[in-house]
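S.K.: Sending over final_12.txt (compact mmCIF, C-alpha atoms and all ligand atoms).
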# COMPACT_ATOMS: atom_id res chain seq x y z
CA LEU A 1 -18.56 89.14 139.51
CA GLN A 2 -19.79 85.64 138.82
CA SER A 3 -23.07 86.14 136.94
CA ARG A 4 -26.30 84.76 138.38
CA LEU A 5 -27.64 84.81 134.79
CA PRO A 6 -24.68 83.89 132.59
CA ALA A 7 -26.80 83.02 129.55
CA VAL A 8 -28.73 86.30 129.59
CA GLY A 9 -27.89 89.36 127.51
CA THR A 10 -29.88 92.53 126.74
CA THR A 11 -33.53 91.74 125.92
CA VAL A 12 -34.54 91.46 122.29
CA PHE A 13 -37.08 94.27 122.83
CA THR A 14 -34.38 96.74 123.84
CA LEU A 15 -32.12 95.64 120.99
CA MET A 16 -34.78 95.84 118.29
CA SER A 17 -36.17 99.19 119.51
CA ALA A 18 -32.63 100.62 119.42
CA LEU A 19 -32.08 99.24 115.91
CA ALA A 20 -35.43 100.65 114.77
CA ALA A 21 -34.50 104.09 116.12
CA GLU A 22 -31.03 103.91 114.53
CA HIS A 23 -32.47 103.15 111.08
CA GLY A 24 -35.60 105.31 111.29
CA ALA A 25 -37.75 102.17 110.99
CA VAL A 26 -41.43 101.88 111.86
CA ASN A 27 -41.22 100.03 115.18
CA LEU A 28 -43.62 97.07 115.06
CA GLY A 29 -41.18 95.16 117.28
CA GLN A 30 -41.46 95.89 121.00
CA GLY A 31 -45.07 95.65 122.14
CA PHE A 32 -46.42 99.07 123.13
CA PRO A 33 -49.05 101.45 121.72
CA ASP A 34 -47.87 104.50 119.75
CA PHE A 35 -51.06 106.36 120.75
CA ASP A 36 -51.95 107.92 124.06
CA CYS A 37 -54.30 106.73 126.79
CA ASP A 38 -57.76 108.09 127.59
CA PRO A 39 -57.36 111.72 128.78
CA ARG A 40 -59.81 110.97 131.61
CA LEU A 41 -57.22 108.58 133.05
CA LEU A 42 -54.60 111.35 132.98
CA ASP A 43 -57.07 113.68 134.70
CA ALA A 44 -57.75 111.04 137.36
CA VAL A 45 -54.03 110.68 138.16
CA ASP A 46 -53.56 114.45 138.10
CA ALA A 47 -56.46 114.86 140.51
CA ALA A 48 -55.02 112.14 142.77
CA MET A 49 -51.65 113.91 142.94
CA ARG A 50 -53.28 117.27 143.66
CA ALA A 51 -55.44 115.66 146.34
CA GLY A 52 -52.24 114.64 148.12
CA HIS A 53 -51.94 110.95 147.18
CA ASN A 54 -48.18 111.29 147.04
CA GLN A 55 -46.79 109.22 149.91
CA TYR A 56 -46.30 105.47 150.26
CA ALA A 57 -49.30 103.35 149.42
CA PRO A 58 -50.07 100.40 151.70
CA MET A 59 -47.72 97.50 150.98
CA THR A 60 -50.49 95.49 149.32
CA GLY A 61 -51.85 98.39 147.24
CA LEU A 62 -54.58 100.99 147.76
CA PRO A 63 -57.71 99.28 149.14
CA VAL A 64 -59.92 101.19 146.70
CA LEU A 65 -57.97 99.74 143.75
CA ARG A 66 -57.90 96.19 145.14
CA GLU A 67 -61.66 96.40 145.70
CA ALA A 68 -62.24 97.60 142.15
CA ILE A 69 -60.17 94.68 140.83
CA ALA A 70 -61.99 92.16 143.01
CA ALA A 71 -65.36 93.45 141.78
CA LYS A 72 -64.20 93.24 138.18
CA LEU A 73 -62.83 89.69 138.52
CA ALA A 74 -66.07 88.58 140.17
CA ALA A 75 -68.18 90.16 137.43
CA LEU A 76 -66.08 88.92 134.52
CA TYR A 77 -64.89 85.52 135.67
CA GLY A 78 -67.22 84.62 138.54
CA HIS A 79 -64.42 84.22 141.08
CA ALA A 80 -64.80 86.12 144.36
CA TYR A 81 -61.25 87.10 145.37
CA ASP A 82 -61.05 88.81 148.78
CA ALA A 83 -59.63 92.29 148.15
CA ALA A 84 -57.95 92.36 151.56
CA THR A 85 -56.11 89.04 151.43
CA GLU A 86 -56.07 87.82 147.84
CA ILE A 87 -55.07 90.74 145.59
CA THR A 88 -51.79 92.69 145.56
CA ILE A 89 -50.82 95.62 143.33
CA THR A 90 -47.45 95.13 141.63
CA ALA A 91 -44.95 97.21 139.66
CA GLY A 92 -46.23 95.84 136.37
CA ALA A 93 -46.92 92.22 135.58
CA THR A 94 -43.16 91.64 135.40
CA GLN A 95 -42.75 92.16 139.15
CA GLY A 96 -45.85 90.04 139.82
CA ILE A 97 -44.31 87.21 137.81
CA ILE A 98 -40.89 87.23 139.47
CA THR A 99 -42.38 87.68 142.94
CA ALA A 100 -44.77 84.74 142.46
CA ILE A 101 -41.84 82.61 141.32
CA LEU A 102 -39.51 83.73 144.13
CA CYS A 103 -42.11 83.03 146.82
CA ALA A 104 -42.99 79.54 145.57
CA VAL A 105 -39.94 78.01 143.92
CA HIS A 106 -37.22 76.46 146.06
CA PRO A 107 -33.70 75.61 144.82
CA GLY A 108 -33.88 72.54 142.61
CA ASP A 109 -37.63 72.82 141.98
CA GLU A 110 -38.69 72.40 138.37
CA VAL A 111 -40.97 74.89 136.63
CA ILE A 112 -42.58 73.98 133.32
CA VAL A 113 -42.73 76.78 130.75
CA ILE A 114 -44.37 76.47 127.36
CA GLU A 115 -42.17 77.84 124.59
CA PRO A 116 -42.10 80.20 122.82
CA CYS A 117 -42.69 82.24 125.98
CA TYR A 118 -42.28 85.72 127.36
CA ASP A 119 -38.65 86.35 128.11
CA SER A 120 -38.87 87.12 131.83
CA TYR A 121 -40.11 83.71 132.98
CA GLN A 122 -36.95 81.67 132.73
CA PRO A 123 -34.50 84.17 134.27
CA SER A 124 -36.96 84.61 137.17
CA ILE A 125 -37.01 80.84 137.72
CA THR A 126 -33.22 80.68 137.55
CA LEU A 127 -32.85 83.50 140.11
CA ALA A 128 -35.06 81.50 142.48
CA GLY A 129 -32.66 78.55 142.07
CA GLY A 130 -35.31 76.67 140.13
CA VAL A 131 -34.89 74.72 136.93
CA PRO A 132 -36.91 75.84 133.90
CA VAL A 133 -38.32 72.85 132.00
CA PRO A 134 -39.35 74.04 128.53
CA VAL A 135 -42.07 72.28 126.54
CA ALA A 136 -42.35 73.42 122.92
CA MET A 137 -45.69 74.45 121.43
CA ARG A 138 -46.74 72.65 118.29
CA VAL A 139 -46.73 74.80 115.17
CA ASP A 140 -48.25 73.80 111.85
CA ALA A 141 -50.36 75.34 109.10
CA GLY A 142 -53.16 75.90 111.63
CA GLY A 143 -50.81 77.87 113.89
CA TYR A 144 -49.52 77.22 117.40
CA SER A 145 -51.10 74.97 120.04
CA VAL A 146 -50.10 73.56 123.42
CA PRO A 147 -49.35 69.82 123.39
CA TRP A 148 -50.79 68.90 126.79
CA ASP A 149 -49.52 65.33 126.47
CA ALA A 150 -45.97 66.72 126.34
CA VAL A 151 -46.70 68.96 129.34
CA ALA A 152 -47.97 65.92 131.28
CA ALA A 153 -44.86 63.97 130.27
CA ALA A 154 -42.61 66.78 131.58
CA VAL A 155 -44.07 66.55 135.11
CA THR A 156 -41.78 64.94 137.72
CA PRO A 157 -41.91 64.75 141.53
CA ARG A 158 -39.84 67.98 141.52
CA THR A 159 -42.37 69.98 139.46
CA ARG A 160 -43.42 72.95 141.57
CA MET A 161 -45.15 75.19 139.05
CA ILE A 162 -46.47 75.39 135.49
CA VAL A 163 -46.48 78.78 133.78
CA VAL A 164 -49.25 79.49 131.26
CA ASN A 165 -49.98 82.63 129.26
CA THR A 166 -53.28 83.39 127.57
CA PRO A 167 -53.72 85.29 125.28
CA HIS A 168 -50.22 84.29 124.34
CA ASN A 169 -47.19 86.43 123.61
CA PRO A 170 -45.65 86.03 121.02
CA THR A 171 -47.96 83.69 119.09
CA GLY A 172 -51.35 85.42 119.50
CA THR A 173 -53.01 82.11 120.36
CA ILE A 174 -55.52 81.73 123.17
CA LEU A 175 -56.24 78.87 125.53
CA ARG A 176 -59.79 77.54 125.49
CA ARG A 177 -61.85 75.79 128.14
CA ALA A 178 -60.64 72.40 126.87
CA ASP A 179 -57.02 73.52 127.37
CA LEU A 180 -57.74 74.52 130.95
CA ASP A 181 -59.46 71.16 131.54
CA ALA A 182 -56.37 69.39 130.17
CA LEU A 183 -54.13 71.44 132.47
CA ALA A 184 -56.43 70.75 135.43
CA ALA A 185 -56.25 67.00 134.75
CA ILE A 186 -52.44 67.25 134.94
CA VAL A 187 -52.28 69.14 138.26
CA ASP A 188 -55.34 67.77 140.07
CA GLY A 189 -54.23 65.70 143.08
CA THR A 190 -50.68 67.15 143.00
CA ASP A 191 -49.21 70.17 144.80
CA ILE A 192 -48.18 71.82 141.52
CA LEU A 193 -48.93 75.56 141.39
CA ILE A 194 -50.03 77.56 138.35
CA LEU A 195 -48.71 80.95 137.30
CA SER A 196 -51.17 82.36 134.78
CA ASP A 197 -50.02 85.42 132.83
CA GLU A 198 -53.20 87.08 131.59
CA VAL A 199 -51.93 90.57 130.75
CA TYR A 200 -53.74 90.46 127.38
CA GLU A 201 -57.05 89.32 128.93
CA HIS A 202 -59.01 92.05 127.11
CA MET A 203 -57.51 91.36 123.71
CA VAL A 204 -59.46 88.31 122.56
CA TYR A 205 -61.17 88.56 119.19
CA ASP A 206 -64.08 87.27 117.13
CA GLY A 207 -66.40 87.16 120.14
CA GLN A 208 -64.43 84.42 121.87
CA PRO A 209 -64.30 84.40 125.69
CA HIS A 210 -61.08 84.84 127.67
CA ALA A 211 -60.44 81.50 129.38
CA SER A 212 -59.16 82.97 132.64
CA VAL A 213 -57.65 80.48 135.05
CA SER A 214 -59.65 82.31 137.75
CA ARG A 215 -62.80 80.96 136.07
CA HIS A 216 -61.66 77.36 136.59
CA PRO A 217 -62.08 76.18 140.23
CA VAL A 218 -59.43 73.41 140.14
CA LEU A 219 -56.86 75.80 138.68
CA ALA A 220 -57.86 78.97 140.57
CA ALA A 221 -57.35 77.15 143.89
CA ARG A 222 -53.61 76.85 143.13
CA ALA A 223 -52.96 79.80 140.83
CA PHE A 224 -51.27 83.17 140.83
CA VAL A 225 -53.18 85.13 138.16
CA VAL A 226 -51.27 88.14 136.81
CA SER A 227 -52.55 91.13 134.85
CA SER A 228 -51.32 94.59 133.85
CA PHE A 229 -52.96 97.99 133.52
CA GLY A 230 -50.25 98.84 131.01
CA LYS A 231 -51.92 96.66 128.38
CA THR A 232 -55.56 97.34 129.23
CA TYR A 233 -55.31 101.14 129.41
CA HIS A 234 -52.48 101.82 126.90
CA VAL A 235 -50.04 102.90 129.63
CA THR A 236 -47.18 100.39 129.44
CA GLY A 237 -44.83 103.02 130.88
CA TRP A 238 -46.74 103.25 134.14
CA LYS A 239 -45.76 99.72 135.15
CA VAL A 240 -48.75 98.97 137.36
CA GLY A 241 -50.28 95.49 137.49
CA TYR A 242 -51.66 93.06 140.00
CA VAL A 243 -51.68 89.47 141.15
CA ALA A 244 -54.71 87.55 142.45
CA ALA A 245 -54.28 84.28 144.34
CA PRO A 246 -55.89 82.31 147.19
CA ALA A 247 -55.06 83.78 150.61
CA PRO A 248 -52.40 81.22 151.68
CA LEU A 249 -50.50 81.75 148.42
CA MET A 250 -50.95 85.51 148.59
CA ALA A 251 -49.58 85.60 152.16
CA GLU A 252 -46.31 84.10 150.88
CA PHE A 253 -46.36 86.37 147.82
CA ARG A 254 -46.59 89.43 150.07
CA LYS A 255 -43.61 88.34 152.18
CA VAL A 256 -41.46 88.66 149.05
CA HIS A 257 -43.32 91.63 147.56
CA GLN A 258 -42.69 93.79 150.62
CA TYR A 259 -38.94 93.50 150.05
CA ASN A 260 -39.07 93.64 146.24
CA VAL A 261 -40.70 97.05 146.05
CA PHE A 262 -42.58 97.42 149.34
CA SER A 263 -45.36 99.26 147.51
CA VAL A 264 -46.29 100.64 144.10
CA ASN A 265 -46.63 104.33 143.20
CA THR A 266 -49.64 105.88 144.87
CA PRO A 267 -51.14 108.47 142.47
CA MET A 268 -51.27 105.99 139.58
CA GLN A 269 -53.12 103.53 141.82
CA ALA A 270 -55.60 106.19 142.93
CA GLY A 271 -56.15 107.36 139.35
CA LEU A 272 -56.60 103.82 138.07
CA ALA A 273 -59.12 103.07 140.82
CA ALA A 274 -61.22 106.09 139.87
CA PHE A 275 -60.99 105.28 136.16
CA MET A 276 -61.97 101.64 136.73
CA ARG A 277 -65.46 102.71 137.81
CA ASP A 278 -66.28 102.90 134.11
CA PRO A 279 -66.29 99.43 132.51
CA ALA A 280 -66.44 100.83 128.95
CA PRO A 281 -62.66 101.04 128.37
CA TRP A 282 -62.02 97.33 128.87
CA ARG A 283 -65.39 96.28 127.45
CA ASP A 284 -64.60 98.15 124.22
CA LEU A 285 -60.99 96.99 123.94
CA PRO A 286 -61.58 93.78 121.95
CA ALA A 287 -63.44 95.70 119.21
CA PHE A 288 -60.82 98.45 119.25
CA TYR A 289 -57.93 96.05 118.67
CA GLN A 290 -59.86 93.64 116.44
CA ARG A 291 -60.33 96.48 113.94
CA LYS A 292 -56.59 97.12 113.96
CA ARG A 293 -55.86 93.42 113.64
CA ASP A 294 -58.20 93.16 110.65
CA LEU A 295 -56.72 96.25 109.00
CA PHE A 296 -53.20 94.87 109.47
CA ARG A 297 -54.10 91.35 108.30
CA ALA A 298 -55.91 92.70 105.22
CA GLY A 299 -52.79 94.67 104.33
CA LEU A 300 -50.46 91.74 104.94
CA ALA A 301 -52.61 89.58 102.66
CA ASN A 302 -51.24 91.74 99.82
CA THR A 303 -47.62 90.92 100.71
CA ARG A 304 -45.49 87.80 100.39
CA PHE A 305 -45.76 87.08 104.13
CA THR A 306 -47.99 84.21 105.24
CA LEU A 307 -50.35 85.03 108.10
CA LEU A 308 -50.69 82.83 111.18
CA PRO A 309 -53.94 82.95 113.15
CA ALA A 310 -54.23 85.88 115.60
CA ASP A 311 -56.97 85.12 118.12
CA GLY A 312 -55.65 87.36 120.88
CA THR A 313 -52.97 89.88 122.05
CA TYR A 314 -51.80 92.77 119.90
CA PHE A 315 -49.32 90.62 118.02
CA GLN A 316 -49.46 89.14 114.53
CA CYS A 317 -47.02 86.36 113.61
CA VAL A 318 -46.07 85.80 109.97
CA ARG A 319 -44.02 83.26 108.05
CA TYR A 320 -41.42 84.64 105.66
CA ASP A 321 -40.29 81.38 104.04
CA GLY A 322 -41.48 82.58 100.63
CA ILE A 323 -39.21 85.62 100.98
CA SER A 324 -35.92 84.66 102.63
CA ASP A 325 -34.00 81.80 104.18
CA LEU A 326 -32.23 84.01 106.71
CA SER A 327 -32.52 83.05 110.37
CA GLU A 328 -35.32 84.81 112.25
CA SER A 329 -32.94 87.14 114.01
CA GLU A 330 -31.08 88.02 110.79
CA PHE A 331 -34.34 88.48 108.92
CA ALA A 332 -35.77 90.80 111.61
CA GLN A 333 -32.60 92.89 111.49
CA TRP A 334 -32.60 92.97 107.69
CA LEU A 335 -36.26 94.02 107.67
CA THR A 336 -35.47 96.82 110.12
CA ARG A 337 -32.39 98.05 108.28
CA GLU A 338 -33.46 97.68 104.65
CA ILE A 339 -37.28 97.80 104.64
CA LYS A 340 -37.48 100.06 107.71
CA VAL A 341 -40.04 98.01 109.60
CA ALA A 342 -38.93 96.43 112.88
CA ALA A 343 -40.18 92.98 113.96
CA ILE A 344 -39.25 90.54 116.70
CA PRO A 345 -37.80 87.10 115.87
CA VAL A 346 -39.90 84.39 117.55
CA SER A 347 -36.65 82.48 118.17
CA ALA A 348 -35.95 85.02 120.95
CA PHE A 349 -38.74 83.38 122.96
CA TYR A 350 -37.05 79.96 123.05
CA SER A 351 -34.28 78.83 125.39
CA LYS A 352 -32.66 76.60 122.75
CA PRO A 353 -31.97 77.59 119.14
CA THR A 354 -35.32 77.12 117.37
CA GLU A 355 -35.96 78.41 113.87
CA SER A 356 -39.52 78.37 112.56
CA GLY A 357 -39.20 81.08 109.90
CA ILE A 358 -41.64 83.27 111.85
CA VAL A 359 -41.44 86.87 113.09
CA ARG A 360 -43.83 88.87 115.25
CA PHE A 361 -45.32 92.28 114.49
CA CYS A 362 -47.13 94.47 117.04
CA PHE A 363 -50.31 96.10 115.70
CA ALA A 364 -50.99 98.33 118.74
CA LYS A 365 -50.31 101.31 116.49
CA LYS A 366 -52.15 104.23 114.92
CA ASP A 367 -53.77 103.31 111.61
CA GLU A 368 -51.36 105.65 109.83
CA THR A 369 -48.40 103.81 111.38
CA LEU A 370 -49.81 100.45 110.31
CA ASN A 371 -50.57 101.70 106.80
CA GLY A 372 -47.06 103.16 106.49
CA ALA A 373 -45.54 99.84 107.59
CA LEU A 374 -47.79 97.88 105.21
CA GLU A 375 -46.68 100.03 102.26
CA ARG A 376 -43.08 99.11 103.02
CA LEU A 377 -43.82 95.45 103.69
CA ALA A 378 -45.56 95.20 100.31
CA THR A 379 -42.19 95.96 98.66
CA VAL A 380 -40.52 92.88 100.17
N1 LIG B 401 -46.26 89.15 130.32
C1 LIG B 401 -46.40 89.24 129.00
C2 LIG B 401 -46.85 88.05 128.24
C3 LIG B 401 -46.13 90.44 128.35
O1 LIG B 401 -46.22 90.52 127.03
C4 LIG B 401 -45.73 91.55 129.11
C5 LIG B 401 -45.52 92.86 128.41
N2 LIG B 401 -44.25 93.27 128.32
C6 LIG B 401 -45.57 91.40 130.49
C7 LIG B 401 -45.85 90.18 131.05
C8 LIG B 401 -45.08 92.50 131.37
O2 LIG B 401 -46.06 93.43 131.67
P1 LIG B 401 -45.70 94.77 132.46
O3 LIG B 401 -45.23 95.75 131.45
O4 LIG B 401 -46.96 95.16 133.13
O5 LIG B 401 -44.61 94.43 133.43
N1 LIG B 402 -44.18 92.83 126.35
C1 LIG B 402 -43.60 93.59 125.31
C2 LIG B 402 -43.30 92.69 124.13
O1 LIG B 402 -43.42 91.50 124.21
C3 LIG B 402 -42.34 94.34 125.69
C4 LIG B 402 -41.77 94.06 127.01
C5 LIG B 402 -40.41 94.64 127.23
O2 LIG B 402 -39.96 95.52 126.52
N2 LIG B 402 -39.75 94.12 128.21
O3 LIG B 402 -42.91 93.19 123.11
Using the file provided, produce a representation of the structure as structure tokens.
M.R.:
Amino acid sequence: LQSRLPAVGTTVFTLMSALAAEHGAVNLGQGFPDFDCDPRLLDAVDAAMRAGHNQYAPMTGLPVLREAIAAKLAALYGHAYDAATEITITAGATQGIITAILCAVHPGDEVIVIEPCYDSYQPSITLAGGVPVPVAMRVDAGGYSVPWDAVAAAVTPRTRMIVVNTPHNPTGTILRRADLDALAAIVDGTDILILSDEVYEHMVYDGQPHASVSRHPVLAARAFVVSSFGKTYHVTGWKVGYVAAPAPLMAEFRKVHQYNVFSVNTPMQAGLAAFMRDPAPWRDLPAFYQRKRDLFRAGLANTRFTLLPADGTYFQCVRYDGISDLSESEFAQWLTREIKVAAIPVSAFYSKPTESGIVRFCFAKKDETLNGALERLATV
């Protein structure tokens, strides 16, 4: 078979989780919590199953869940999405991302991605016949930032879409209002679409706001905004997310969605809708993860790693140049094998070989897991 994705192998997350398991390492690599979700959410799904919510959901998602999402987006970001025509429930953010790309990108269209970036964007663009156009983030002592002048310079008449991600995996940076204004200045007056990956929307720290694209009228009018219940409710294995977009974009999205998955599993949707009535879980999430971030950063300050800023997500990037001159991938494997703490090389988030001497740790872990990892990292 001639591969549609010849450059793609097994994802770094699968590889590093397997290596961590093989060596009995603390897995701070792949991003997922090692603690369970709120038992009330489990009860809500259990009740939904027992109440008979076990057949196909509507193609677009359960109305009660779409309405809960619309109400939340209006309350948080001041954008009134129509639950009937502008929100669709997806099988995780991953399916929302590839479906948005497949419905909008024609063969030969260019899509700008800002590297390092989440590993599903570029294969999704390639499968649509599009051409990924990577623009590298700037990284210096102050951390990572998006060079909007370079993004503007990458725009051509073939640019169909720009993909942004805030809070950002893997760097833990966030976009601010000024970033969105810079992006809006680039796309205003063009027919360029925005795909905004906001799965970590509730993991923004130090009292900063989440600069959702849905908050920004120029951007929201041309954007697919993606989120995931997996991140917000500690249920990454459920693979339920959603996409919000203006009705004409969503109509095209749904044409593809109905043949990607048709619909997403019903009892999880019903349970999530019931659980969403209480705003406390997402309202309390920044404080919950900020405490873990601070615990982890305080511990790392006693090691030979150098901390980069971590304004959002549940990831902490560190430099190891004072420790080793191995490549990122070799260093992450060495750390897993010898020190028994797994990390992810940031080089895995670039399309071309890029070595910055930086690896990513996930701190969505029990305190005891983080403390155990910190004890080992202090020996490096
Ligand atoms: N986007 C980013 C930036 C992510 O980190 C993740 C988490 N793996 C996803 C999308 C995918 O989310 P989901 O598990 O809901 O498909
Ligand atoms: N989003 C998670 C991460 O970045 C894992 C996703 C996956 O395993 N595909 O670590």
S.K.: Within 10 Å of ligand LIG 402 (chain B), counting all atoms listed in the file, which protein or nucleic acid residues do you find, written as JSON, numbers by chain?
M.R.: {"A": [11, 12, 13, 14, 15, 16, 17, 28, 29, 30, 31, 32, 93, 94, 117, 118, 119, 120, 168, 169, 170, 199, 200, 230, 231, 236, 237, 313, 314, 315, 343, 344, 349, 360, 361, 362]}
S.K.: Box time for ligand LIG 401 (chain B): axis-aligned, enclosing all its listed atoms, 3 Å extra on each side; report centre and edge lengths in Å to one decimal, as lines of an AutoDock Vina configuration file.
M.R.:
center_x = -45.6
center_y = 91.9
center_z = 130.2
size_x = 8.7
size_y = 13.7
size_z = 12.4
S.K.: Would you kindly return, as a PyMOL selection string, each protein, DNA or RNA residue with an atom no farther than 8 Å from any atom of Glu198 of chain A, considering all atoms listed in the file and excluding same-chain residues fewer than 3 positions away?
M.R.: chain A and resi 165-167+201+212+225-227
S.K.: Between A:Pro157, A:Gly271, A:Pro123, A:Gly312, single out the one closest to Gln208 of chain A, counting only C-alpha atoms.
M.R.: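 Going through A:Pro157, A:Gly271, A:Pro123, A:Gly312 one by one, the smallest distance to Gln208 of chain A is for A:Gly312.
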S.K.: I need the residue nearest Gly357 of chain A from this list: A:Ile89, A:Ile186, A:Leu307, A:Ala154. Use only C-alpha atoms for the distance.
M.R.: A:Leu307
S.K.: Just to confirm, what's the straight-line distance from atom CA of Ala48 of chain A to atom C6 of ligand LIG 401 (chain B) in Å (one decimal)?
M.R.: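 Calculated distance between atom CA of Ala48 of chain A and atom C6 of ligand LIG 401 (chain B) is 25.9 Å.
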S.K.: Please measure the separation of atom CA of Met161 of chain A and atom CA of Phe229 of chain A, giving the value in Å to one decimal.
M.R.: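 Result for atom CA of Met161 of chain A versus atom CA of Phe229 of chain A: 24.7 Å, one decimal.
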S.K.: Record the distance separating atom CA of Ala364 of chain A and atom CA of Thr99 of chain A, expressed in Å with one decimal.
M.R.: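 Calculated distance between atom CA of Ala364 of chain A and atom CA of Thr99 of chain A is 27.8 Å.
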S.K.: Just segment 325-347 of chain A, please, as a compact mmCIF listing (two decimals), in the first residue's frame (only C-alpha atoms).
M.R.:
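To be explicit, this is the file written out as out-v9.txt:
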# COMPACT_ATOMS: atom_id res chain seq x y z
CA ASP A 325 24.10 17.48 25.57
CA LEU A 326 22.03 14.55 24.32
CA SER A 327 19.32 15.28 21.76
CA GLU A 328 15.86 15.83 23.25
CA SER A 329 14.66 12.42 22.18
CA GLU A 330 17.76 10.66 23.53
CA PHE A 331 17.59 12.63 26.76
CA ALA A 332 13.89 11.80 27.29
CA GLN A 333 14.65 8.12 26.75
CA TRP A 334 17.67 8.23 29.05
CA LEU A 335 15.61 9.97 31.74
CA THR A 336 12.94 7.27 31.43
CA ARG A 337 15.36 4.36 31.48
CA GLU A 338 17.93 5.52 34.03
CA ILE A 339 16.15 8.04 36.28
CA LYS A 340 12.73 6.39 35.86
CA VAL A 341 10.82 9.56 35.02
CA ALA A 342 9.29 9.80 31.53
CA ALA A 343 9.16 13.12 29.64
CA ILE A 344 8.30 14.14 26.10
CA PRO A 345 10.95 15.70 23.81
CA VAL A 346 9.66 19.02 22.46
CA SER A 347 11.39 18.17 19.16
